[in-house]
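start-v2.csv (CSV, C-alpha atoms) appears below.
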chain,number,residue,atom,x,y,z
A,27,MET,CA,95.5,78.5,98.8
A,28,LEU,CA,94.9,81.2,96.2
A,29,ALA,CA,96.9,83.8,98.0
A,30,ASP,CA,99.7,84.3,100.5
A,31,LEU,CA,99.8,86.9,103.3
A,32,GLN,CA,103.3,88.2,104.0
A,33,LEU,CA,103.9,90.3,107.1
A,34,GLU,CA,106.7,92.7,107.9
A,35,LEU,CA,106.2,93.7,111.5
A,36,GLY,CA,109.5,95.1,112.7
A,37,SER,CA,108.6,98.8,112.3
A,38,ASP,CA,106.2,101.5,113.7
A,39,VAL,CA,104.4,101.0,110.4
A,40,PRO,CA,104.0,97.3,109.7
A,41,VAL,CA,103.5,96.2,106.1
A,42,ALA,CA,101.2,93.4,105.0
A,43,ARG,CA,101.3,92.1,101.5
A,44,ILE,CA,98.7,89.9,99.8
A,45,VAL,CA,100.0,88.0,96.9
A,46,GLY,CA,97.4,86.3,94.6
A,47,GLU,CA,93.7,86.2,94.7
A,48,LEU,CA,91.8,87.6,97.7
A,49,ASP,CA,88.3,86.1,97.9
A,50,ALA,CA,85.9,84.2,100.2
A,51,SER,CA,88.3,81.3,100.5
A,52,ASN,CA,90.9,83.3,102.4
A,53,ALA,CA,89.6,86.8,103.4
A,54,ALA,CA,88.2,85.9,106.8
A,55,GLY,CA,91.5,84.1,107.8
A,56,PHE,CA,93.6,87.0,106.5
A,57,THR,CA,91.4,89.5,108.4
A,58,ALA,CA,91.9,87.7,111.7
A,59,ARG,CA,95.7,87.3,111.1
A,60,LEU,CA,96.0,91.0,110.3
A,61,LYS,CA,94.0,92.2,113.3
A,62,GLU,CA,96.1,90.0,115.6
A,63,SER,CA,99.4,90.9,114.0
A,64,VAL,CA,99.3,94.7,114.3
A,65,PRO,CA,100.7,95.8,117.7
A,66,ASN,CA,99.1,98.6,119.7
A,67,SER,CA,102.3,100.5,119.4
A,68,ALA,CA,102.1,100.7,115.6
A,69,ILE,CA,100.9,104.0,114.1
A,70,GLY,CA,99.0,102.1,111.5
A,71,LEU,CA,99.2,99.4,108.8
A,72,VAL,CA,100.2,99.5,105.2
A,73,LEU,CA,98.3,96.8,103.2
A,74,ASP,CA,100.1,96.2,99.9
A,75,LEU,CA,97.7,95.1,97.2
A,76,SER,CA,100.2,95.6,94.4
A,77,ALA,CA,100.6,91.8,93.9
A,78,THR,CA,96.9,91.0,94.5
A,79,THR,CA,95.5,89.7,91.2
A,80,TYR,CA,91.8,89.4,92.2
A,81,LEU,CA,89.5,91.0,94.8
A,82,ASP,CA,85.9,90.1,95.4
A,83,SER,CA,83.3,91.3,97.9
A,84,SER,CA,85.0,89.3,100.6
A,85,GLY,CA,88.2,91.1,100.0
A,86,MET,CA,86.4,94.4,100.1
A,87,HIS,CA,84.9,93.4,103.5
A,88,LEU,CA,88.5,92.7,104.7
A,89,ILE,CA,89.4,96.3,103.9
A,90,PHE,CA,86.4,97.8,105.6
A,91,ASP,CA,86.6,95.5,108.6
A,92,LEU,CA,90.3,96.0,109.1
A,93,ALA,CA,90.1,99.7,108.7
A,94,GLY,CA,87.3,99.9,111.3
A,95,ALA,CA,89.3,97.7,113.8
A,96,LEU,CA,92.4,99.9,113.3
A,97,ARG,CA,90.4,103.1,113.6
A,98,ARG,CA,89.0,102.0,117.0
A,99,ARG,CA,92.6,101.6,118.1
A,100,GLN,CA,93.5,105.0,116.8
A,101,GLN,CA,95.5,103.5,114.0
A,102,VAL,CA,95.2,104.1,110.3
A,103,LEU,CA,95.0,101.8,107.3
A,104,GLN,CA,96.9,102.8,104.1
A,105,LEU,CA,96.6,100.7,101.0
A,106,VAL,CA,99.1,100.3,98.2
A,107,VAL,CA,97.3,100.2,94.9
A,108,PRO,CA,99.2,100.8,91.7
A,109,PRO,CA,97.2,102.9,89.2
A,110,ASP,CA,95.6,101.2,86.2
A,111,THR,CA,95.4,97.8,87.7
A,112,PHE,CA,92.4,95.5,88.3
A,113,ILE,CA,92.5,96.3,92.0
A,114,ASP,CA,92.5,100.0,91.3
A,115,ASP,CA,89.4,99.5,89.0
A,116,VAL,CA,87.6,97.5,91.7
A,117,LEU,CA,88.4,100.1,94.4
A,118,GLY,CA,87.4,102.9,92.1
A,119,ALA,CA,83.9,101.3,91.7
A,120,VAL,CA,83.4,101.2,95.5
A,121,ASN,CA,83.3,104.2,97.8
A,122,PHE,CA,86.2,103.3,100.1
A,123,ARG,CA,87.7,106.7,100.4
A,124,GLY,CA,86.4,107.4,103.9
A,125,THR,CA,87.7,104.0,105.0
A,126,ALA,CA,91.3,104.0,103.8
A,127,ARG,CA,93.6,106.0,101.7
A,128,ALA,CA,95.6,104.6,98.8
A,129,SER,CA,99.2,105.2,97.6
A,130,PRO,CA,100.9,103.8,94.5
A,131,THR,CA,104.0,102.5,96.4
A,132,VAL,CA,104.9,101.1,99.8
A,133,ILE,CA,107.3,104.0,100.4
A,134,GLN,CA,104.6,106.5,99.8
A,135,ALA,CA,102.1,104.6,101.8
A,136,THR,CA,104.4,104.3,104.8
A,137,GLU,CA,105.1,108.0,104.7
A,138,ALA,CA,101.4,108.7,104.5
A,139,VAL,CA,100.8,106.7,107.6
A,140,ARG,CA,103.5,108.6,109.5
A,141,THR,CA,102.0,111.9,108.5
A,142,ALA,CA,98.3,111.0,108.8
A,143,ASP,CA,95.9,113.3,110.6
A,144,PHE,CA,93.8,111.5,113.1

Can you present the structure in this file as structure tokens?
Amino acid sequence: MLADLQLELGSDVPVARIVGELDASNAAGFTARLKESVPNSAIGLVLDLSATTYLDSSGMHLIFDLAGALRRRQQVLQLVVPPDTFIDDVLGAVNFRGTARASPTVIQATEAVRTADF
């Protein structure tokens, strides 16, 4: 497997971390796991992409699909994307701003979820 999905679920704002390459070989499975893992009691989900080294269109689909699923449950998706990285460049080329917000660190992302306006 090209990537590992790590989940920290013991909070009102769960954190999911994708380490490695996010592409067609793993995006669908990760999407399903993420959707199943976030409890209804959570405010939202922080998806940490700071250790993600590659993202293709399947990875972008994961972000859009997951954000839509969370929004239907009145939850929010907040990404962690450090500036000046490959992932930052990819997301900058795609109009995802209406889908999810991005923060440079997990701490900032978690706080953004807790103060999000629905």

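The spacing separating atom CA of A:Pro108 from atom CA of A:Ser76 amounts to 5.9 Å.
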
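Across A:Thr141, A:Thr57, A:Ser83, A:Gln104, the tightest approach to A:Ala128 is made by A:Gln104 when counting all atoms listed in the file.
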
### Task
Go ahead and compute the interatomic distance for atom CA of A:Thr78 and atom CA of A:Arg127, in Å to one decimal.
17.0 Å

### Summary
Judged by all atoms listed in the file, the minimum distance to A:Asp91 among A:Gln32, A:Ser37, A:Ser63, A:Thr125 is found for A:Thr125

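Of the residues under consideration (A:Ala58, A:Ile69, A:Leu75, A:Ile113), A:Leu75 shows the shortest atom-to-atom contact distance to A:Ala42 when counting only C-alpha atoms.
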
As AutoDock Vina command-line options: centre and edge lengths in Å, one decimal, of the axis-aligned box holding stretch 37-43 of chain A with 3 Å per side:
--center_x 104.9 --center_y 96.8 --center_z 107.6 --size_x 13.4 --size_y 15.4 --size_z 18.2

### Query
Out of A:Asp49, A:Phe112, A:Asp30, A:Leu105, which residue has the shortest atom-to-atom distance to A:Ile133 when counting all atoms listed in the file?
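Comparing A:Asp49, A:Phe112, A:Asp30, A:Leu105 against A:Ile133, the winner is A:Leu105.
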
### Message
Here's a test: counting all atoms listed in the file, identify every protein, DNA and RNA residue with an atom at most 8 Å from (104.0, 94.6, 103.7) in the file's coordinate frame, and state them as a list in words.
### Response
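Using all atoms listed in the file, the matching residues come out as Gln32, Leu33, Glu34, Pro40, Val41, Ala42, Arg43, Val72, Leu73, Asp74 and Val132 of chain A.
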
So that I have them on file, write out the residues from the current selection with C-alpha atoms, as a compact mmCIF listing (two decimals), in the frame of the given file.
# COMPACT_ATOMS: atom_id res chain seq x y z
CA GLN A 32 103.30 88.20 104.00
CA LEU A 33 103.90 90.30 107.10
CA GLU A 34 106.70 92.70 107.90
CA PRO A 40 104.00 97.30 109.70
CA VAL A 41 103.50 96.20 106.10
CA ALA A 42 101.20 93.40 105.00
CA ARG A 43 101.30 92.10 101.50
CA VAL A 72 100.20 99.50 105.20
CA LEU A 73 98.30 96.80 103.20
CA ASP A 74 100.10 96.20 99.90
CA VAL A 132 104.90 101.10 99.80

### Task
Fewer than 4 positions away in the same chain doesn't count, so skip those; otherwise give me all residues within 10 Å of A:Ser67, counting all atoms listed in the file, as a ChimeraX atom specification.
/A:37-39,99,101

### Summary
Restricting to all atoms listed in the file, whichever of A:Ala135, A:Leu31, A:Ala53, A:Ala142 is closest to A:Val106 is A:Ala135

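Of the residues under consideration (A:Leu81, A:Val102, A:Gly94, A:Glu137), A:Leu81 shows the shortest atom-to-atom contact distance to A:Asp114 when counting all atoms listed in the file.
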
### Query
What does the distance between atom CA of A:Gly46 and atom CA of A:Arg140 come to in Å, to one decimal place?
27.5 Å

#### Entry: Selection: 8 Å around A:Leu92, only C-alpha atoms, excl. self and same-chain fewer than 6 positions, as a list in words
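Surrounding residues, per the criterion: Thr57, Leu60, Lys61 and Leu103 of chain A.
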